[in-house]
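Structure file protein-v7.cif; described as mmCIF, C-alpha atoms.
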data_model
loop_
_atom_site.label_atom_id
_atom_site.label_comp_id
_atom_site.auth_asym_id
_atom_site.auth_seq_id
_atom_site.Cartn_x
_atom_site.Cartn_y
_atom_site.Cartn_z
CA MET M 1 88.37 25.24 183.85
CA SER M 2 87.29 27.79 186.50
CA TYR M 3 87.74 31.54 186.23
CA TYR M 4 87.59 34.54 188.52
CA GLU M 5 84.85 37.10 187.97
CA PRO M 6 85.51 38.97 184.69
CA LEU M 7 86.75 42.52 184.38
CA VAL M 8 84.37 44.40 182.10
CA TYR M 9 84.86 47.34 179.74
CA ILE M 10 82.08 48.84 177.60
CA VAL M 11 83.48 50.44 174.45
CA PRO M 12 82.42 54.13 174.24
CA PRO M 13 81.38 55.72 170.89
CA GLU M 14 84.68 57.57 170.47
CA GLU M 15 86.58 54.26 170.51
CA GLU M 16 84.64 52.53 167.74
CA GLY M 17 87.09 50.99 165.32
CA PHE M 18 89.85 50.58 167.89
CA ILE M 19 91.82 47.33 167.77
CA LEU M 20 90.86 45.05 170.67
CA LYS M 21 94.51 44.75 171.68
CA THR M 22 94.66 48.54 172.06
CA VAL M 23 91.58 48.55 174.27
CA LEU M 24 93.03 45.82 176.47
CA GLN M 25 96.43 47.50 176.85
CA LYS M 26 95.41 51.18 176.96
CA ARG M 27 92.05 51.05 178.73
CA LEU M 28 92.21 47.94 180.91
CA MET M 29 96.00 48.38 181.25
CA VAL M 30 96.74 44.69 180.67
CA SER M 31 100.48 44.08 180.41
CA ARG M 32 101.94 42.25 177.42
CA LYS M 33 102.92 39.33 179.64
CA LEU M 34 99.45 38.95 181.11
CA LEU M 35 97.81 39.44 177.70
CA SER M 36 99.91 36.60 176.26
CA ARG M 37 98.74 34.41 179.12
CA ILE M 38 94.99 35.07 179.10
CA LYS M 39 94.51 34.99 175.33
CA LEU M 40 95.44 31.28 175.33
CA THR M 41 92.53 30.31 177.59
CA GLU M 42 89.03 29.53 176.32
CA ARG M 43 87.27 32.38 178.18
CA GLY M 44 90.25 34.65 178.74
CA ILE M 45 89.16 37.37 176.30
CA THR M 46 85.59 37.75 175.06
CA VAL M 47 83.58 40.41 173.25
CA ASN M 48 79.82 40.26 173.79
CA GLY M 49 80.26 36.79 175.25
CA GLU M 50 82.25 35.35 172.34
CA ARG M 51 85.94 34.49 172.31
CA GLN M 52 87.81 36.83 169.97
CA TYR M 53 91.26 37.42 168.54
CA ILE M 54 92.95 40.56 169.80
CA ASN M 55 93.41 42.03 166.31
CA ILE M 56 89.67 42.56 165.62
CA LYS M 57 88.10 46.03 165.60
CA VAL M 58 85.58 46.82 168.33
CA LYS M 59 82.30 48.68 168.02
CA ALA M 60 80.64 51.21 170.30
CA GLY M 61 78.74 49.41 173.06
CA ASP M 62 80.75 46.20 172.81
CA ARG M 63 81.18 44.43 176.14
CA VAL M 64 84.82 43.46 176.49
CA GLU M 65 85.61 40.98 179.26
CA ILE M 66 88.84 39.46 180.47
CA ARG M 67 89.01 36.46 182.77
CA MET M 68 91.85 34.79 184.62
CA GLU M 69 91.97 31.18 185.62
CA GLU M 70 91.59 30.40 189.30
CA GLU M 71 94.87 29.57 191.07
CA GLN M 72 95.98 28.43 194.47
CA SER M 73 99.24 28.32 196.44
CA GLU M 74 99.73 24.57 196.60
CA ASP M 75 103.19 24.93 198.17
CA ILE M 76 101.90 26.88 201.21
CA LEU M 77 100.58 24.93 204.18
CA PRO M 78 97.18 26.24 205.38
CA GLN M 79 97.41 27.17 209.06
CA GLU M 80 94.83 28.78 211.32
CA LEU M 81 96.39 32.02 212.53
CA PRO M 82 94.94 35.34 213.72
CA LEU M 83 94.47 37.78 210.83
CA HIS M 84 93.54 41.43 211.29
CA ILE M 85 91.48 42.02 208.15
CA LEU M 86 90.93 45.68 207.25
CA HIS M 87 89.16 45.01 203.95
CA GLU M 88 88.41 42.17 201.56
CA ASP M 89 86.69 42.05 198.19
CA GLU M 90 86.96 39.88 195.09
CA HIS M 91 90.18 41.66 194.08
CA LEU M 92 92.13 42.32 197.26
CA LEU M 93 92.74 41.31 200.84
CA ILE M 94 94.06 44.12 203.07
CA LEU M 95 95.56 43.17 206.43
CA ALA M 96 97.02 44.95 209.45
CA LYS M 97 100.21 42.94 209.90
CA ASP M 98 101.58 42.34 213.39
CA ALA M 99 105.23 42.97 214.14
CA GLY M 100 107.38 39.84 214.32
CA VAL M 101 105.44 37.97 211.64
CA ILE M 102 107.06 36.99 208.33
CA VAL M 103 104.94 37.64 205.23
CA HIS M 104 105.95 34.68 203.04
CA PRO M 105 107.49 31.29 203.90
CA THR M 106 111.26 31.18 203.46
CA HIS M 107 113.95 28.62 204.08
CA GLY M 108 113.62 27.66 207.72
CA HIS M 109 110.26 29.45 208.11
CA TYR M 110 107.60 27.28 206.50
CA VAL M 111 104.79 28.00 208.98
CA ASN M 112 103.49 30.84 211.15
CA THR M 113 103.66 33.32 208.28
CA ILE M 114 101.01 35.65 206.90
CA ALA M 115 100.81 33.38 203.85
CA ASN M 116 99.92 30.32 205.93
CA GLY M 117 97.13 32.20 207.67
CA VAL M 118 95.74 33.73 204.47
CA VAL M 119 95.68 30.39 202.62
CA PHE M 120 93.78 28.87 205.56
CA HIS M 121 91.36 31.83 205.64
CA TRP M 122 90.63 31.48 201.92
CA GLN M 123 90.28 27.71 202.21
CA GLN M 124 87.65 28.10 204.94
CA ALA M 125 85.79 30.70 202.88
CA GLY M 126 85.83 28.55 199.73
CA ILE M 127 88.05 31.04 197.88
CA THR M 128 90.61 29.75 195.38
CA CYS M 129 93.49 32.21 195.12
CA ARG M 130 97.25 32.24 194.98
CA PHE M 131 99.02 34.24 197.70
CA ARG M 132 100.36 37.40 196.03
CA PRO M 133 101.50 40.23 198.34
CA VAL M 134 101.88 43.38 196.26
CA HIS M 135 104.58 44.95 198.45
CA ARG M 136 106.94 44.03 201.29
CA LEU M 137 107.04 44.72 205.00
CA ASP M 138 110.02 43.70 207.12
CA GLN M 139 109.36 41.04 209.73
CA GLU M 140 109.53 43.55 212.59
CA THR M 141 107.49 46.26 210.84
CA SER M 142 103.76 46.36 211.53
CA GLY M 143 101.05 47.90 209.38
CA VAL M 144 98.99 47.76 206.20
CA LEU M 145 99.70 44.85 203.85
CA ALA M 146 97.93 44.41 200.50
CA ILE M 147 97.49 40.98 198.92
CA ALA M 148 96.26 40.61 195.34
CA LYS M 149 93.82 37.84 194.49
CA THR M 150 94.56 37.71 190.75
CA PRO M 151 97.57 38.28 188.47
CA TYR M 152 95.79 41.31 186.95
CA VAL M 153 95.34 43.06 190.30
CA HIS M 154 98.96 42.35 191.23
CA GLN M 155 100.17 43.72 187.91
CA GLN M 156 98.03 46.85 188.19
CA ILE M 157 99.25 47.85 191.64
CA SER M 158 102.85 46.91 190.81
CA GLU M 159 102.69 49.25 187.81
CA GLN M 160 101.41 52.05 190.03
CA MET M 161 104.37 51.45 192.34
CA ILE M 162 106.83 51.66 189.45
CA GLN M 163 105.26 55.02 188.49
CA HIS M 164 105.40 56.23 192.14
CA LEU M 165 101.61 56.55 192.25
CA VAL M 166 101.11 54.44 195.39
CA LYS M 167 100.95 56.33 198.69
CA LYS M 168 102.86 54.56 201.45
CA GLU M 169 103.08 56.38 204.76
CA TYR M 170 104.76 55.27 207.97
CA LEU M 171 104.95 56.34 211.58
CA ALA M 172 108.31 55.96 213.29
CA PHE M 173 109.69 56.81 216.71
CA VAL M 174 113.23 58.15 216.38
CA TRP M 175 115.85 59.14 218.95
CA GLY M 176 116.75 62.75 219.65
CA THR M 177 115.38 66.21 218.90
CA VAL M 178 114.71 66.60 215.19
CA ALA M 179 115.83 70.12 214.31
CA GLU M 180 113.78 70.60 211.14
CA PRO M 181 110.01 69.94 211.44
CA THR M 182 109.90 68.70 207.83
CA GLY M 183 112.56 67.54 205.44
CA THR M 184 113.71 65.30 202.61
CA ILE M 185 116.61 62.86 202.68
CA ASP M 186 117.92 62.26 199.15
CA GLU M 187 120.90 59.97 199.68
CA PRO M 188 121.89 56.81 197.72
CA ILE M 189 121.80 53.46 199.52
CA ASP M 190 123.59 50.16 198.90
CA ARG M 191 125.07 47.23 200.83
CA ASP M 192 127.90 47.64 203.28
CA ASP M 193 130.90 45.81 201.77
CA GLU M 194 131.95 44.52 205.18
CA GLN M 195 128.43 43.51 206.27
CA PRO M 196 126.39 42.59 203.16
CA HIS M 197 123.13 42.25 205.15
CA VAL M 198 123.47 45.89 206.29
CA ARG M 199 122.64 48.88 204.10
CA ILE M 200 124.46 52.21 204.25
CA VAL M 201 124.41 55.60 202.54
CA ARG M 202 127.18 55.58 199.93
CA PRO M 203 127.84 57.78 196.87
CA ASP M 204 127.81 54.86 194.43
CA GLY M 205 124.55 53.45 195.78
CA TYR M 206 121.03 53.44 194.36
CA ARG M 207 119.02 56.66 194.59
CA ALA M 208 116.75 56.73 197.64
CA VAL M 209 114.38 59.54 198.68
CA THR M 210 112.61 59.77 202.03
CA HIS M 211 110.32 62.60 203.20
CA TYR M 212 109.49 63.18 206.84
CA GLU M 213 107.42 65.40 209.12
CA VAL M 214 107.65 65.64 212.91
CA VAL M 215 104.30 64.77 214.47
CA LYS M 216 105.33 64.97 218.15
CA GLN M 217 108.57 65.91 219.81
CA PHE M 218 109.28 64.30 223.18
CA GLU M 219 112.23 65.01 225.49
CA LYS M 220 114.34 62.09 224.24
CA ALA M 221 112.69 61.14 220.96
CA ALA M 222 110.21 62.15 218.29
CA LEU M 223 107.27 60.63 216.44
CA VAL M 224 107.65 61.29 212.72
CA ARG M 225 105.47 60.66 209.69
CA ILE M 226 107.44 59.31 206.75
CA TRP M 227 106.58 58.80 203.10
CA LEU M 228 108.77 57.37 200.37
CA GLU M 229 109.56 58.07 196.74
CA THR M 230 111.71 54.95 196.42
CA GLY M 231 111.64 51.55 198.09
CA ARG M 232 115.17 50.48 198.94
CA THR M 233 115.78 47.75 201.51
CA HIS M 234 115.83 49.23 205.05
CA GLN M 235 115.46 52.69 203.49
CA ILE M 236 113.70 54.40 206.41
CA ARG M 237 116.01 52.87 208.98
CA VAL M 238 119.16 53.79 207.03
CA HIS M 239 118.05 57.33 206.19
CA MET M 240 116.93 58.19 209.70
CA ARG M 241 120.25 56.92 211.06
CA HIS M 242 122.05 59.02 208.46
CA LEU M 243 120.06 62.03 209.68
CA GLY M 244 121.29 61.28 213.18
CA HIS M 245 117.97 59.96 214.46
CA PRO M 246 117.85 56.15 214.36
CA LEU M 247 114.62 54.33 215.13
CA LEU M 248 113.94 53.31 218.70
CA GLY M 249 114.48 49.58 219.17
CA ASP M 250 116.56 49.26 216.00
CA LYS M 251 119.72 47.48 217.13
CA MET M 252 121.15 47.14 213.61
CA TYR M 253 121.12 50.87 212.84
CA THR M 254 121.56 52.45 216.27
CA LEU M 255 124.09 55.19 217.08
CA PRO M 256 126.47 55.27 220.10
CA GLN M 257 125.18 58.61 221.44
CA TYR M 258 121.78 57.05 222.14
CA GLY M 259 123.19 54.00 223.92
CA GLU M 260 122.11 55.10 227.39
CA HIS M 261 118.57 55.89 226.27
CA ALA M 262 118.36 52.64 224.28
CA ALA M 263 119.50 50.66 227.33
CA GLU M 264 116.83 52.39 229.44
CA LEU M 265 114.18 51.54 226.86
CA GLU M 266 115.31 47.94 226.68
CA ALA M 267 115.23 47.64 230.48
CA SER M 268 111.67 48.99 230.51
CA GLU M 269 110.58 46.14 228.19
CA SER M 270 108.40 48.67 226.38
CA LEU M 271 109.60 47.61 222.92
CA ASN M 272 111.30 44.58 221.37
CA ARG M 273 111.56 45.70 217.72
CA GLN M 274 112.27 48.77 215.63
CA ALA M 275 109.52 51.35 216.16
CA LEU M 276 108.19 51.45 212.59
CA HIS M 277 104.56 51.15 211.52
CA ALA M 278 103.13 51.29 207.97
CA TYR M 279 99.94 53.12 208.84
CA LYS M 280 98.58 54.15 205.43
CA LEU M 281 98.47 52.64 201.94
CA GLY M 282 96.69 54.30 199.01
CA PHE M 283 96.32 53.45 195.32
CA VAL M 284 93.83 53.32 192.47
CA HIS M 285 91.75 50.20 193.09
CA PRO M 286 92.13 47.91 190.03
CA GLY M 287 88.48 46.82 190.28
CA THR M 288 86.69 50.14 190.85
CA ARG M 289 89.27 52.42 189.20
CA GLU M 290 88.83 54.77 192.14
CA TRP M 291 91.42 56.07 194.59
CA THR M 292 91.25 54.17 197.86
CA GLU M 293 93.21 54.31 201.11
CA PHE M 294 93.59 51.87 203.97
CA ASN M 295 94.78 52.74 207.47
CA ALA M 296 96.10 50.53 210.26
CA PRO M 297 95.91 52.02 213.76
CA LEU M 298 99.03 52.25 215.88
CA PRO M 299 99.52 48.80 217.49
CA ALA M 300 99.54 48.29 221.24
CA ASP M 301 103.31 48.12 221.66
CA LEU M 302 103.86 51.46 219.93
CA SER M 303 100.99 53.08 221.82
CA GLU M 304 102.64 51.92 225.03
CA LEU M 305 105.97 53.27 223.76
CA GLU M 306 104.38 56.65 223.14
CA GLN M 307 103.04 56.70 226.69
CA TRP M 308 106.50 55.73 228.01
CA LEU M 309 108.03 58.69 226.15
CA VAL M 310 105.38 61.06 227.52
CA GLU M 311 106.15 59.94 231.07
CA LYS M 312 109.88 60.50 230.49
CA ARG M 313 109.43 64.24 229.95
#
Please express the file's structure as structure tokens.
Amino acid sequence: MSYYEPLVYIVPPEEEGFILKTVLQKRLMVSRKLLSRIKLTERGITVNGERQYINIKVKAGDRVEIRMEEEQSEDILPQELPLHILHEDEHLLILAKDAGVIVHPTHGHYVNTIANGVVFHWQQAGITCRFRPVHRLDQETSGVLAIAKTPYVHQQISEQMIQHLVKKEYLAFVWGTVAEPTGTIDEPIDRDDEQPHVRIVRPDGYRAVTHYEVVKQFEKAALVRIWLETGRTHQIRVHMRHLGHPLLGDKMYTLPQYGEHAAELEASESLNRQALHAYKLGFVHPGTREWTEFNAPLPADLSELEQWLVEKR
């Protein structure tokens, strides 16, 4: 049986006498589900190199280690694809995702996804990991994408997301003149009864909170920085439409008053997707326990869009 590199915790003097289970759950932040899984393996939980039950008491200076078995995504076909790697270590792979690329294979899309390319990349590097993206990006959204290499890392970042501790910031080009330079949209979102694949603001929906700041105002549009408190499907697109400023290139959530401008943009062939880019992702790194941030530069199509807007002044 093969394992990933262990996560290590040295028991400090003030924690002498603590139950091992407490150390694992309160210091290493291991979830109950993951703890149940790793304690069944031979080298899953050790103290000073020896396998131990989780109800023992630890001593100051004890070296507590947890290990997870190596895994791989056997159902994903390895495929050589271009990957824009921003960072990689034994815990995480951070990519700058291109627009138009699906993250994970779905029915009818078994190849040409981020997953296919990552599995191939790991295979060539001799790395055995299961593909575990820790968050979602729509097919047409570009930007930072984090992929966990172990169940522990996935669980740790997921927990930070639940507690709203992960920083996710976006850049979006929206139609019109945004009256307020900064603002918050706190409006519930749910499916449209008549079009279930479309989301709308509705009183009986799920709470959704979006913050924004105008970065640049052009004659016909604006570049805004957006950060989220919640993560509803299509949240940015729905909220900006509700504000009266739909995203450029977003045909699903456009508004009639911008039809002429949208037609002009389409004719220019400057953009063939919604103008949304996840440019920053920040969280406490599960391996180092330090705050870390990753940034993806504005992709070529959005840089060209910005230039197009400048020229339209």
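Look at range 12-15 of chain M: the protein and nucleic acid residues within 9 Å of it, using only C-alpha atoms and passing over chain neighbours fewer than 3 places away, are Phe18, Val23, Val58, Lys59, Ala60, Gly61 and Asp62 of chain M.
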Distance query range 118-122 of chain M at most 12 Å, only C-alpha atoms, self and fewer than 2 positions along chain excluded, as a PyMOL selection string: chain M and resi 71-85+88-90+92-95+97+103-105+111-116+124-133+145-149
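The closest residue to Arg289 in chain M, picked from M:Leu271, M:Ala172, M:Ile102, M:Met29 and counting only C-alpha atoms, is M:Met29.
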Top pick for closest residue to Ala275 in chain M, considering M:Tyr212, M:Phe173, M:Trp227, M:Tyr4 and counting all atoms listed in the file: M:Phe173
Distance criterion (all atoms listed in the file): nearest to Asn272 in chain M out of M:Ala208, M:Ala99, M:Met68, M:Met240: M:Ala99
Expected residue set, 10 Å radius at (113.6, 54.8, 216.1), all atoms listed in the file, as a count of residues only: 28
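Put simply, CA of Leu309 in chain M is 11.2 Å away from CA of Ser268 in chain M.
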Polymer residues at most 9 Å from Val310 in chain M, only C-alpha atoms, same-chain spacing of 3 or more positions, as number ranges by chain: M: 218-219, 305-307, 313
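Relative to CA of Thr184 in chain M, CA of Trp308 in chain M is found at 28.1 Å.
From CA of Met161 in chain M back to CA of Arg191 in chain M, the distance works out to 22.8 Å.
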